Structures are given as structure tokens and as C-alpha cells.
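Engineer: Handing over start.cif, mmCIF, C-alpha atoms.
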data_work
#
loop_
_atom_site.label_atom_id
_atom_site.label_comp_id
_atom_site.auth_asym_id
_atom_site.auth_seq_id
_atom_site.Cartn_x
_atom_site.Cartn_y
_atom_site.Cartn_z
CA MET A 1 139.76 137.04 89.17
CA GLN A 2 138.70 140.02 91.24
CA ILE A 3 138.69 139.99 95.04
CA LYS A 4 136.68 142.44 97.13
CA VAL A 5 137.82 143.12 100.69
CA GLN A 6 135.87 144.91 103.42
CA SER A 7 137.47 146.61 106.39
CA VAL A 8 137.42 144.56 109.60
CA ILE A 9 136.84 145.46 113.19
CA ASP A 10 138.92 142.63 114.57
CA LEU A 11 140.90 139.50 113.70
CA LYS A 12 140.88 136.53 116.06
CA GLY A 13 141.88 132.90 115.88
CA LYS A 14 144.60 130.43 115.05
CA ILE A 15 145.68 129.23 111.62
CA GLU A 16 148.38 127.24 109.84
CA VAL A 17 149.90 128.52 106.62
CA PRO A 18 151.00 126.25 103.75
CA GLY A 19 154.39 124.57 103.72
CA ASP A 20 157.53 126.57 102.99
CA LYS A 21 157.93 127.16 99.27
CA SER A 22 161.75 127.16 99.31
CA ILE A 23 161.95 123.89 101.24
CA SER A 24 159.25 122.23 99.12
CA HIS A 25 161.13 123.03 95.90
CA ARG A 26 164.39 121.72 97.29
CA GLY A 27 162.83 118.55 98.65
CA VAL A 28 161.75 117.50 95.15
CA MET A 29 165.01 118.51 93.47
CA PHE A 30 167.34 116.94 96.01
CA GLY A 31 165.15 113.86 96.29
CA ALA A 32 165.32 113.41 92.51
CA ILE A 33 169.13 113.36 92.46
CA ALA A 34 169.41 111.29 95.64
CA GLU A 35 169.41 107.51 95.80
CA GLY A 36 166.26 105.95 97.21
CA THR A 37 162.95 107.35 98.37
CA THR A 38 162.33 110.85 99.68
CA GLU A 39 159.05 111.63 101.49
CA ILE A 40 158.03 115.27 101.77
CA HIS A 41 155.25 116.06 104.24
CA ASN A 42 153.28 119.36 104.31
CA PHE A 43 154.45 120.07 100.75
CA LEU A 44 153.24 123.38 99.30
CA MET A 45 150.77 122.55 96.52
CA GLY A 46 151.21 125.95 94.91
CA GLU A 47 151.72 126.40 91.19
CA ASP A 48 155.45 127.14 91.50
CA CYS A 49 156.23 123.94 93.39
CA LEU A 50 154.03 121.92 91.04
CA SER A 51 156.16 123.27 88.18
CA THR A 52 159.22 121.73 89.87
CA ILE A 53 157.45 118.37 90.11
CA ALA A 54 156.43 118.56 86.43
CA CYS A 55 159.99 119.32 85.28
CA PHE A 56 161.54 116.40 87.15
CA ARG A 57 158.82 114.04 85.97
CA GLN A 58 159.82 115.07 82.42
CA MET A 59 163.34 113.93 83.28
CA GLY A 60 162.21 110.44 84.24
CA ILE A 61 161.67 110.79 88.01
CA ASP A 62 158.65 109.00 89.53
CA ILE A 63 156.86 111.43 91.85
CA ASP A 64 153.60 110.56 93.62
CA VAL A 65 151.40 113.25 95.14
CA GLU A 66 149.03 112.29 97.97
CA ASP A 67 147.21 115.25 99.56
CA GLU A 68 150.11 117.24 101.09
CA LYS A 69 152.61 114.38 100.88
CA VAL A 70 154.98 113.97 97.95
CA ILE A 71 157.03 110.80 97.40
CA VAL A 72 160.07 111.07 95.12
CA GLN A 73 161.85 107.98 93.81
CA GLY A 74 165.39 109.27 93.39
CA LYS A 75 167.79 107.94 90.77
CA GLY A 76 171.07 109.43 91.97
CA LEU A 77 173.17 112.32 90.71
CA TYR A 78 173.37 110.92 87.18
CA GLY A 79 169.94 109.26 86.99
CA LEU A 80 168.06 112.06 85.25
CA GLN A 81 167.09 111.55 81.62
CA GLU A 82 167.01 114.04 78.79
CA ALA A 83 163.50 115.51 78.51
CA ASP A 84 161.69 115.08 75.21
CA ASN A 85 160.41 118.65 75.31
CA VAL A 86 161.15 122.06 76.78
CA LEU A 87 161.21 122.13 80.60
CA ASP A 88 158.43 124.58 81.48
CA VAL A 89 159.06 126.28 84.84
CA GLY A 90 155.88 128.38 84.70
CA ASN A 91 156.33 131.42 86.96
CA SER A 92 158.97 129.89 89.24
CA GLY A 93 162.32 131.63 89.54
CA THR A 94 163.49 129.10 92.14
CA THR A 95 162.79 126.18 89.81
CA THR A 96 164.64 127.95 87.01
CA ARG A 97 167.82 128.97 88.81
CA LEU A 98 168.33 125.87 90.95
CA MET A 99 167.53 123.52 88.09
CA ILE A 100 170.10 125.26 85.87
CA GLY A 101 172.71 124.27 88.46
CA ILE A 102 171.62 120.62 88.34
CA LEU A 103 171.33 120.53 84.55
CA ALA A 104 174.80 122.05 84.17
CA GLY A 105 176.20 118.79 85.55
CA GLN A 106 174.21 116.40 83.36
CA LYS A 107 175.50 114.60 80.27
CA PHE A 108 172.61 115.69 78.09
CA ASN A 109 171.06 118.84 76.62
CA SER A 110 168.13 120.75 78.09
CA VAL A 111 166.00 123.77 77.29
CA ILE A 112 164.28 125.78 80.03
CA ASN A 113 161.45 128.25 79.45
CA GLY A 114 158.64 129.81 81.46
CA ASP A 115 155.93 132.43 81.38
CA ALA A 116 156.29 136.08 80.37
CA SER A 117 157.56 137.04 83.84
CA ILE A 118 160.29 134.38 83.82
CA ARG A 119 161.43 135.49 80.36
CA LYS A 120 162.04 138.98 81.77
CA ARG A 121 163.90 137.92 84.90
CA PRO A 122 167.73 138.08 85.03
CA MET A 123 169.42 134.71 84.82
CA GLY A 124 172.93 136.02 84.14
CA ARG A 125 173.74 135.99 87.85
CA VAL A 126 173.46 132.18 87.61
CA THR A 127 174.58 131.48 84.03
CA LYS A 128 177.79 133.55 84.33
CA PRO A 129 179.41 131.57 87.19
CA LEU A 130 178.17 128.26 85.80
CA LYS A 131 179.77 129.04 82.45
CA LEU A 132 183.02 129.72 84.31
CA MET A 133 182.69 126.22 85.75
CA GLY A 134 182.51 124.83 82.22
CA ALA A 135 178.79 124.70 81.50
CA GLN A 136 177.62 125.64 78.02
CA ILE A 137 174.54 127.85 78.32
CA MET A 138 172.90 129.83 75.57
CA GLY A 139 169.96 132.20 75.78
CA ARG A 140 168.57 135.58 74.92
CA GLU A 141 170.38 138.81 75.71
CA GLU A 142 173.86 137.29 75.93
CA ASP A 143 172.71 134.16 77.74
CA THR A 144 170.97 136.06 80.54
CA LYS A 145 167.28 135.53 79.71
CA ALA A 146 165.05 132.51 79.10
CA PRO A 147 164.57 130.47 77.02
CA LEU A 148 167.91 128.93 77.99
CA ALA A 149 169.63 125.98 76.32
CA ILE A 150 172.05 124.03 78.53
CA LYS A 151 174.67 121.52 77.41
CA GLY A 152 175.78 119.90 80.63
CA GLY A 153 178.82 117.98 81.82
CA ASN A 154 182.57 118.44 82.28
CA LEU A 155 182.31 120.90 85.15
CA LYS A 156 185.37 121.89 87.13
CA PRO A 157 185.65 123.01 90.78
CA PHE A 158 185.29 126.72 91.30
CA GLU A 159 185.60 129.50 93.87
CA TYR A 160 183.11 132.32 93.38
CA ASN A 161 182.64 135.64 95.18
CA SER A 162 179.01 136.45 94.45
CA PRO A 163 178.21 140.15 93.96
CA VAL A 164 174.71 139.55 95.39
CA ALA A 165 173.39 137.80 98.47
CA SER A 166 171.06 135.35 96.75
CA ALA A 167 170.11 131.87 97.90
CA GLN A 168 169.20 130.97 94.33
CA VAL A 169 172.63 131.93 92.96
CA LYS A 170 174.43 130.21 95.85
CA SER A 171 172.30 127.09 95.50
CA ALA A 172 172.80 126.80 91.74
CA ILE A 173 176.58 126.86 92.17
CA ILE A 174 176.51 124.42 95.10
CA LEU A 175 174.35 122.00 93.10
CA ALA A 176 176.67 122.26 90.10
CA GLY A 177 179.56 121.64 92.50
CA LEU A 178 178.13 118.19 93.29
CA TYR A 179 179.07 117.23 89.72
CA THR A 180 182.76 118.21 89.94
CA GLU A 181 185.78 116.31 91.17
CA GLY A 182 186.95 118.65 93.89
CA PHE A 183 185.73 121.50 96.07
CA THR A 184 183.45 124.34 94.98
CA LYS A 185 183.20 127.42 97.19
CA VAL A 186 180.72 130.31 97.15
CA THR A 187 181.12 133.48 99.21
CA GLU A 188 178.35 136.08 99.55
CA PRO A 189 178.43 139.75 100.62
CA GLU A 190 175.72 138.98 103.22
CA LYS A 191 174.21 135.70 104.33
CA SER A 192 171.20 134.59 102.30
CA ARG A 193 168.71 131.89 103.27
CA ASP A 194 170.45 128.59 103.97
CA HIS A 195 167.84 125.91 103.25
CA THR A 196 170.08 124.35 100.60
CA GLU A 197 173.00 123.95 102.99
CA ARG A 198 170.85 122.46 105.76
CA MET A 199 169.02 120.06 103.49
CA LEU A 200 172.00 118.89 101.44
CA LYS A 201 173.81 118.01 104.67
CA ALA A 202 170.80 115.94 105.73
CA PHE A 203 170.95 114.15 102.35
CA GLY A 204 174.61 113.32 102.96
CA ALA A 205 176.51 115.92 100.94
CA GLU A 206 180.00 116.83 102.15
CA LEU A 207 179.39 120.52 102.77
CA GLU A 208 180.91 123.06 105.14
CA VAL A 209 179.72 126.54 106.10
CA GLU A 210 182.21 129.08 107.38
CA GLY A 211 181.00 132.64 107.84
CA LEU A 212 179.68 133.88 104.49
CA SER A 213 181.26 130.99 102.56
CA VAL A 214 179.89 127.57 101.66
CA THR A 215 182.13 124.78 100.32
CA VAL A 216 180.81 121.56 98.79
CA LYS A 217 182.78 118.47 97.73
CA GLY A 218 181.78 116.88 94.46
CA GLY A 219 181.74 113.24 93.52
CA GLY A 220 179.74 111.92 96.48
CA LYS A 221 176.18 110.70 96.68
CA LEU A 222 172.91 111.82 98.25
CA THR A 223 170.51 109.50 100.08
CA GLY A 224 166.72 109.94 100.19
CA GLN A 225 165.23 111.47 103.34
CA LYS A 226 161.96 112.13 105.15
CA ILE A 227 161.26 115.87 105.17
CA GLU A 228 158.77 117.71 107.39
CA VAL A 229 158.15 121.08 105.74
CA PRO A 230 157.35 123.86 108.23
CA GLY A 231 154.87 126.61 107.44
CA ASP A 232 156.29 129.29 105.16
CA ILE A 233 157.26 132.44 107.07
CA SER A 234 156.78 134.45 103.86
CA SER A 235 153.14 133.33 103.87
CA ALA A 236 152.78 133.80 107.62
CA ALA A 237 154.04 137.38 107.22
CA PHE A 238 150.72 138.53 105.76
CA PHE A 239 148.89 137.41 108.88
CA LEU A 240 151.59 138.70 111.22
CA VAL A 241 151.20 142.16 109.67
CA ALA A 242 147.39 141.89 109.67
CA GLY A 243 147.40 140.98 113.36
CA ALA A 244 149.78 143.81 114.18
CA ILE A 245 147.88 146.59 112.36
CA ILE A 246 144.28 145.76 113.38
CA PRO A 247 143.51 147.13 116.87
CA GLY A 248 142.49 144.38 119.29
CA ALA A 249 143.51 141.57 116.94
CA GLU A 250 144.96 138.35 118.31
CA VAL A 251 146.26 135.88 115.73
CA LEU A 252 148.21 132.68 116.34
CA VAL A 253 150.06 131.25 113.34
CA GLU A 254 151.14 127.71 114.13
CA ASN A 255 154.07 125.63 112.84
CA VAL A 256 156.07 128.41 111.15
CA GLY A 257 159.67 128.01 110.05
CA ILE A 258 161.84 130.60 111.80
CA ASN A 259 165.15 129.91 110.08
CA PRO A 260 167.48 132.77 111.16
CA THR A 261 168.21 133.58 107.50
CA ARG A 262 164.47 134.13 106.95
CA ASP A 263 163.14 135.70 110.17
CA GLY A 264 163.78 139.37 109.36
CA VAL A 265 160.04 140.10 109.24
CA ILE A 266 159.74 139.21 112.93
CA GLU A 267 162.68 141.44 113.84
CA VAL A 268 161.31 144.39 111.87
CA LEU A 269 157.81 144.10 113.32
CA LYS A 270 159.28 143.97 116.83
CA ASN A 271 161.36 147.06 116.00
CA MET A 272 158.12 148.76 114.96
CA GLY A 273 156.61 147.95 118.35
CA ALA A 274 154.48 144.94 117.41
CA ASP A 275 153.38 142.61 120.20
CA ILE A 276 154.82 139.30 118.93
CA GLU A 277 155.53 136.17 120.96
CA LEU A 278 157.22 132.95 119.79
CA THR A 279 156.08 129.79 121.57
CA ASN A 280 156.49 126.01 121.20
CA LEU A 281 159.99 126.30 119.72
CA ARG A 282 161.23 123.06 118.16
CA GLU A 283 163.06 121.60 115.15
CA ALA A 284 161.74 119.82 112.05
CA THR A 285 164.25 118.21 109.65
CA GLY A 286 166.99 120.56 110.82
CA GLU A 287 164.81 123.69 110.52
CA PRO A 288 163.78 125.74 113.59
CA VAL A 289 159.98 126.00 113.97
CA ALA A 290 157.67 127.94 116.30
CA ASP A 291 154.11 129.09 116.82
CA ILE A 292 153.86 132.88 116.48
CA LEU A 293 151.29 134.94 118.40
CA VAL A 294 150.69 138.54 117.32
CA ARG A 295 148.38 141.10 118.89
CA GLY A 296 147.23 144.45 117.55
CA SER A 297 149.42 147.30 118.70
CA LYS A 298 150.52 150.84 117.86
CA LEU A 299 153.40 150.69 115.41
CA LYS A 300 156.13 153.21 114.73
CA GLY A 301 158.32 153.79 111.71
CA THR A 302 161.69 152.10 111.31
CA LYS A 303 164.56 151.57 108.87
CA ILE A 304 164.82 148.39 106.82
CA ALA A 305 168.18 148.14 105.07
CA GLY A 306 171.59 146.47 104.97
CA ASP A 307 171.96 142.86 106.03
CA LEU A 308 168.28 142.71 106.99
CA ILE A 309 167.25 142.78 103.32
CA PRO A 310 168.24 139.21 102.34
CA ARG A 311 166.34 137.95 105.41
CA LEU A 312 163.04 139.53 104.36
CA ILE A 313 163.20 140.43 100.68
CA ASP A 314 159.89 138.68 99.90
CA GLU A 315 158.14 140.27 102.89
CA ILE A 316 158.87 143.89 101.97
CA PRO A 317 155.54 144.48 100.14
CA VAL A 318 153.48 143.56 103.20
CA LEU A 319 155.90 145.32 105.57
CA ALA A 320 155.26 148.46 103.50
CA VAL A 321 151.58 148.06 104.45
CA ALA A 322 152.58 147.93 108.13
CA ALA A 323 154.71 151.06 107.58
CA ALA A 324 151.71 152.87 106.07
CA ILE A 325 149.78 152.29 109.30
CA ALA A 326 152.72 153.01 111.64
CA GLN A 327 153.32 156.47 113.06
CA GLY A 328 156.30 158.26 111.58
CA GLU A 329 158.70 157.54 108.75
CA THR A 330 159.87 154.16 107.49
CA ILE A 331 162.83 153.95 105.11
CA ILE A 332 163.37 150.85 102.98
CA ALA A 333 166.77 150.83 101.25
CA ASP A 334 169.31 148.46 99.66
CA ALA A 335 166.43 146.51 98.11
CA GLU A 336 167.17 146.81 94.37
CA GLU A 337 166.45 143.08 94.14
CA LEU A 338 162.74 143.95 94.36
CA LYS A 339 162.90 145.29 90.80
CA VAL A 340 163.52 141.84 89.32
CA LYS A 341 160.90 139.76 91.10
CA GLU A 342 157.58 138.70 89.51
CA SER A 343 157.02 142.43 89.05
CA ASN A 344 159.04 145.53 89.85
CA ARG A 345 157.88 145.40 93.44
CA ILE A 346 159.23 148.83 94.33
CA THR A 347 157.11 150.55 91.68
CA ALA A 348 154.15 148.23 92.29
CA VAL A 349 154.03 148.83 96.06
CA VAL A 350 154.42 152.58 95.70
CA THR A 351 151.76 152.82 93.00
CA GLU A 352 149.21 150.70 94.83
CA LEU A 353 149.66 152.20 98.31
CA LYS A 354 149.16 155.66 96.80
CA ARG A 355 145.67 154.48 95.86
CA PHE A 356 144.99 154.25 99.62
CA GLY A 357 146.24 157.82 100.12
CA VAL A 358 149.57 156.76 101.60
CA ASP A 359 152.41 159.32 101.58
CA ILE A 360 155.04 157.14 99.87
CA VAL A 361 157.98 158.05 97.67
CA GLU A 362 159.81 155.66 95.36
CA GLN A 363 163.59 155.45 95.66
CA PRO A 364 166.08 153.70 93.34
CA ASP A 365 166.66 150.98 95.95
CA GLY A 366 163.45 151.10 97.97
CA MET A 367 160.94 153.63 99.27
CA ILE A 368 160.17 156.18 101.98
CA ILE A 369 156.80 155.82 103.73
CA ARG A 370 155.35 158.48 106.01
CA GLY A 371 152.67 156.59 107.84
CA GLY A 372 150.05 157.18 110.48
CA ASN A 373 147.08 158.38 108.46
CA PRO A 374 143.98 156.18 107.95
CA LEU A 375 143.99 154.24 104.69
CA LYS A 376 141.33 155.56 102.33
CA GLY A 377 138.64 153.17 101.19
CA GLY A 378 137.48 152.58 97.65
CA ALA A 379 140.90 151.65 96.27
CA VAL A 380 140.94 149.55 93.11
CA CYS A 381 144.31 147.80 93.08
CA GLU A 382 146.26 145.90 90.45
CA SER A 383 148.21 142.75 91.23
CA TYR A 384 150.72 143.00 88.36
CA HIS A 385 150.17 139.22 88.25
CA ASP A 386 152.40 139.13 91.35
CA HIS A 387 151.11 136.98 94.22
CA ARG A 388 152.84 138.99 96.95
CA ILE A 389 151.51 142.31 95.66
CA ALA A 390 147.96 140.91 95.50
CA MET A 391 148.08 139.53 99.06
CA SER A 392 149.69 142.69 100.43
CA MET A 393 146.89 144.83 99.01
CA ILE A 394 144.32 142.47 100.52
CA ILE A 395 145.92 143.03 103.95
CA ALA A 396 145.86 146.80 103.31
CA GLY A 397 142.17 146.45 102.44
CA LEU A 398 141.42 144.91 105.83
CA ALA A 399 142.66 148.11 107.49
CA ALA A 400 141.22 150.57 104.95
CA GLN A 401 137.84 152.26 105.21
CA GLY A 402 135.08 150.65 103.16
CA GLU A 403 135.72 148.28 100.27
CA THR A 404 138.95 147.50 98.41
CA ILE A 405 139.07 145.69 95.06
CA ILE A 406 142.11 143.75 93.85
CA ASN A 407 142.17 142.81 90.16
CA ASN A 408 143.87 139.76 88.61
CA SER A 409 144.33 138.09 91.96
CA GLU A 410 144.34 134.49 90.69
CA CYS A 411 148.15 134.74 90.92
CA ILE A 412 147.81 134.14 94.68
CA ASN A 413 147.66 130.41 93.92
CA ILE A 414 151.32 130.54 92.89
CA SER A 415 152.37 130.46 96.54
CA PHE A 416 149.29 130.45 98.78
CA PRO A 417 146.24 128.46 97.70
CA GLY A 418 143.52 128.96 100.31
CA PHE A 419 144.73 132.42 101.35
CA MET A 420 141.30 134.07 101.32
CA GLU A 421 139.72 131.19 103.26
CA LEU A 422 142.17 131.85 106.11
CA VAL A 423 141.44 135.59 105.95
CA GLU A 424 137.71 134.90 106.24
CA ARG A 425 138.26 132.49 109.13
CA LEU A 426 139.95 135.22 111.20
CA LYS A 427 137.55 138.07 110.41
CA ARG A 428 135.19 139.42 113.04
#
Take the structure I supplied and represent it as C-alpha cells, if you would.
Structural biologist:
Amino acid sequence: MQIKVQSVIDLKGKIEVPGDKSISHRGVMFGAIAEGTTEIHNFLMGEDCLSTIACFRQMGIDIDVEDEKVIVQGKGLYGLQEADNVLDVGNSGTTTRLMIGILAGQKFNSVINGDASIRKRPMGRVTKPLKLMGAQIMGREEDTKAPLAIKGGNLKPFEYNSPVASAQVKSAIILAGLYTEGFTKVTEPEKSRDHTERMLKAFGAELEVEGLSVTVKGGGKLTGQKIEVPGDISSAAFFLVAGAIIPGAEVLVENVGINPTRDGVIEVLKNMGADIELTNLREATGEPVADILVRGSKLKGTKIAGDLIPRLIDEIPVLAVAAAIAQGETIIADAEELKVKESNRITAVVTELKRFGVDIVEQPDGMIIRGGNPLKGGAVCESYHDHRIAMSMIIAGLAAQGETIINNSECINISFPGFMELVERLKR
């Protein structure tokens, strides 16, 4: 699918973005291994989250989908059944890595596979610690690439110092820890998003957080919950950047999750001089939520590095668009993780922004952007079948002169069905 984008004079209005992808995934997974019914409201009906539903249905879990509400009939920690076929995760890295942690504790065998992107993505960061806990996992390239075969059961408690700050790695180990008799502890170099910790506590897990460490006690039980999923800040980020870079724009994004392990995009935009205001602050199922108002303003370059990176890793492509508009130099560093997403997002962002005439240089762990010049029109961009690259180039197209074309943009449905309808609603 090809999308054509025209430059806009203004953006005005209020919108809501789809439910948080990370929380939607976890709601289904934790509900499946809990006892009783879990209701998930404002569930993200994107392809990734639907892959999670499909996998757990294969393992005998009854899951009803009604508009944006999902009802999961949980069967407890040991209620899953062996699937009669390969568990197909599609394009979803979250489904893959978290589900490996759950499957490592089961008393049956499983095989996980996905699309071409998933088969390239590194799974060793999850399979290595789980094998140290006693899981038997086999796969390509020394058990680091899908397809992966998992023989579960007989896990032992474990203390792990993770070399990367990754919510997926941390969550996989915590979930495996539920199936041990004892305490499992994970320590990260920096704090990654903490949706797993918050939600597992709500489900009744015995779990403690101390600094950069999380400890979970195995052998307990989870109880079904009602979950209100806030809007996904990673999806809101596209509109926050759009509102910030279009002169005179005024965009209100309502009901956005502002979890402090995820709100780096707001901090960076404020550092760049964006006019951003958080209103109507509240909580939903243990997650902080707010409405976010952004107005067009003159931005300046900044540095994005260090402990900021885990808080905004998925937002870096669209923040690079903001940096291209901003006056001065922006440095993005310590972001090697971008190389192993749906695409190599460092190379993809650099290549595509150059099509707009942006002065941008690729670095081993990020990029240097010298912004402030108008974006050239007429760019024909590639998505790399990566939803965040496609949407970021659409936002760049709104600020560029003339028309921008983005090829292979059907991948947007992975995380943000209805994205273009919201863009059109705001255009003036």
C-alpha cells in the first residue's frame, strides 16, 4: 500500500490514540495464566496484539473479542495446553519474548515461529538466562533465532544481571520465575518500562521492586482482573511531534499513558523547547494517565542518550523528524537497540530523512542530525515493512514542501490501525 501525504498549513483538534500495545499484550498473557476472568478495555486491535490472542487460543484459552473489549477466561499457571501446531507470533517481538518465559515453565513442548523480521531478531538475550534457569530451548544460530523449540518445566530460582535494559528480557525472566519454588531476581543496567511489574502485582503476584532490581516469588497464583488500557504514548508520540513542528498547530491527545518508564518523549520534546502541557492527570489500573496538549513552537537541537534511551527507544524515529526541523544539532547515542527492531532503525531513519534533504550522519549507536533547513518535497520513502518508520515519514511529509510518498505502508496496522484517519481529522 502506498500513502501520499501533502504538506499542511496547520493541525488543530483533539484525538485519542489506540490502547497501549505493551499493556494490551500483557493483559492477555497474564489473564490466560490467572484464575478466573480478565476483562481488558480499550485493547489495541493491532496485528501484534491479535497474534498474542491467537497464540493463547491455540493453547486452550477462551478469549472473546467485543469491539475494543477482550475477555480472557484464565486457567491458572498450569492451565495451558500443548498447541497442536506451531505458535505463530507474526511480527510481534513482545509476544515472542514474553511467551518464551511462560512456555519455559510449562510441562509440555512448544514451537514458536514468526515472519521474516521475527526470524532475524535476536532471542539469545532471553533464551540464555532461561536456559540457565533449566529451560530446554533449541533454535537457529545456537538457540538465538526463531523458529524456537521449547521443552518446559523444572525451572529453578535464579538471579540475573541483565547486560541490557530491556522490558522484554526482564519480563520473560519474571514470568519464568512464577514457575519456580523460590525467588527469582533480575537487575538491569538502567530501568526499562515496568508494565509487567505493575500488572503482575495487580494480579496478585508476590513481587518487589528495589532500585534496578525486581524479585518475584514463584509458586503462588494470579487472579483475573479488570484492566483499563490507556492510550499508547508510543502512538501519541507521532502526533506530539506533528503538533510541535507545525507552526500554529494545537493538538490535544487524550487519555495517554504517562508511565515514568515510558515518558522520555515528553522530556525530550520539552528539552527541545516544545510547548507541551499535561492536564487531567489520573490513574487507570495502576498506570498514570493524562491528556497532553502540544502547540507548534520553535525547536532547538538536544542530546538523547544514556538512561533516556530505554524510556523512548520506540519514539526515536519520530524524534529524529523533530530534530530535522529543530535549529542546531541533535545527537542520538547509546541506541544500538534500534538495529534489532523490525528494521535497522538507525540505517532506515538516516536513509529516509536524507531523501528530504536532511543533514544527518549515521553513527554506530545512533545518529547526528543538523536541523533547521526546510524539508524538501517530492520524497519517495520506504517503510522497510516497519510501522514506526512508515508513520515517522508520514509526519515528516506533513512538514515537507509538496507531496511525500511512503511505500509499503500497510505495516502501520501492526500497531496503529486508523492512523491516517486521525491525521486527516487534524489537517487544516
Engineer: What do you get, as a PyMOL selection string, if you spell out every residue that the PyMOL selection byres ((chain A and resi 126-143) around 7) selects here?
Structural biologist: chain A and resi 97+104+123-125+144-158+169+172-173
Engineer: Near region 223-236 of chain A, within 8 Å and counting all atoms listed in the file, which residues show up once chain neighbours fewer than 2 positions away are dropped, as a ChimeraX atom specification?
Structural biologist: /A:16-21,23-24,27,31,34-43,74,202-204,221,238-240,253-258,262-263,284-285,287,289,314-315,415-416
Engineer: My list of candidates is A:Asn259, A:Thr215, A:Thr196, A:Thr96. Which is closest to Gly182 (chain A) when distances are computed with only C-alpha atoms?
Structural biologist: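 Closest to Gly182 (chain A) of all the choices is A:Thr215.
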Engineer: For a cutoff of 6 Å around the file-coordinate point (162.4, 127.9, 80.7), which residues qualify once you count only C-alpha atoms? I'd like the result as a ChimeraX atom specification.
Structural biologist: /A:87-89,112-114,146-147
Engineer: Can you give me, as JSON, numbers by chain, the residues this file yields under the PyMOL selection byres ((chain A and resi 189) around 12)?
Structural biologist: {"A": [160, 161, 162, 163, 164, 165, 166, 167, 170, 186, 187, 188, 190, 191, 192, 211, 212, 213, 306, 307, 309, 310]}
Engineer: May I ask for the distance between CA of Pro260 (chain A) and CA of Gly366 (chain A), given in Å to one decimal place?
Structural biologist: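 For CA of Pro260 (chain A) relative to CA of Gly366 (chain A), the distance reads 22.9 Å.
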Engineer: Quick one: which residues end up in the PyMOL selection byres ((chain A and resi 331-341) around 7) for this structure, as an MDAnalysis selection string?
Structural biologist: chainID A and resid 121 302:306 309 329:330 342:346 365:369
Engineer: What does the distance from CA of Gly219 (chain A) to CA of Lys75 (chain A) come to in Å, to one decimal?
Structural biologist: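 That distance, rounded to one decimal, is 15.2 Å.
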Engineer: Edge lengths and centre, in Å to one decimal, as JSON: that's what I need for the box along x, y and z that holds all listed atoms of region 138-145 of chain A plus 6 Å on each side.
Structural biologist:
{"center_x": 170.6, "center_y": 134.3, "center_z": 77.7, "size_x": 18.6, "size_y": 21.0, "size_z": 17.6}
Engineer: Given all atoms listed in the file as the basis, pick out the residue of A:Gly296, A:Gly101, A:Gly264, A:Pro364 nearest to Thr347 (chain A).
Structural biologist: A:Pro364
Engineer: Env of Leu319 (chain A): 9 Å cut, atoms = all atoms listed in the file, seq-sep filter 2 positions within chain, self excluded. Answer as a PyMOL selection string.
Structural biologist: chain A and resi 237-238+241+265+268-269+315-317+321-324+392
Engineer: Now that the selection is made, can you save its residues with C-alpha atoms as a PDB file, keeping the file's coordinate frame?
Structural biologist:
ATOM      1  CA  ALA A 237     154.040 137.380 107.220  1.00  0.00           C
ATOM      2  CA  PHE A 238     150.720 138.530 105.760  1.00  0.00           C
ATOM      3  CA  VAL A 241     151.200 142.160 109.670  1.00  0.00           C
ATOM      4  CA  VAL A 265     160.040 140.100 109.240  1.00  0.00           C
ATOM      5  CA  VAL A 268     161.310 144.390 111.870  1.00  0.00           C
ATOM      6  CA  LEU A 269     157.810 144.100 113.320  1.00  0.00           C
ATOM      7  CA  GLU A 315     158.140 140.270 102.890  1.00  0.00           C
ATOM      8  CA  ILE A 316     158.870 143.890 101.970  1.00  0.00           C
ATOM      9  CA  PRO A 317     155.540 144.480 100.140  1.00  0.00           C
ATOM     10  CA  VAL A 321     151.580 148.060 104.450  1.00  0.00           C
ATOM     11  CA  ALA A 322     152.580 147.930 108.130  1.00  0.00           C
ATOM     12  CA  ALA A 323     154.710 151.060 107.580  1.00  0.00           C
ATOM     13  CA  ALA A 324     151.710 152.870 106.070  1.00  0.00           C
ATOM     14  CA  SER A 392     149.690 142.690 100.430  1.00  0.00           C
TER      15      SER A 392
END
Engineer: Could you work out how far CA of Leu103 (chain A) lies from CA of Val70 (chain A), giving the answer in Å with one decimal?
Structural biologist: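 We find that CA of Val70 (chain A) and CA of Leu103 (chain A) lie 22.1 Å from each other.
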Engineer: What lies within 8 Å of Ala32 (chain A) using all atoms listed in the file, ignoring chain neighbours under 5 positions off, as an mmCIF file with C-alpha atoms, in the coordinates of the input?
Structural biologist:
data_model
loop_
_atom_site.group_PDB
_atom_site.id
_atom_site.type_symbol
_atom_site.label_atom_id
_atom_site.label_comp_id
_atom_site.auth_asym_id
_atom_site.auth_seq_id
_atom_site.Cartn_x
_atom_site.Cartn_y
_atom_site.Cartn_z
ATOM 1 C CA PHE A 56 161.540 116.400 87.150
ATOM 2 C CA ILE A 61 161.670 110.790 88.010
ATOM 3 C CA VAL A 72 160.070 111.070 95.120
ATOM 4 C CA GLN A 73 161.850 107.980 93.810
ATOM 5 C CA GLY A 74 165.390 109.270 93.390
ATOM 6 C CA LYS A 75 167.790 107.940 90.770
ATOM 7 C CA GLY A 76 171.070 109.430 91.970
ATOM 8 C CA LEU A 80 168.060 112.060 85.250
#
Engineer: Taking all atoms listed in the file into account, which of A:Leu11, A:Ile33, A:Ile174, A:Met393 comes nearest Val251 (chain A)?
Structural biologist: A:Leu11
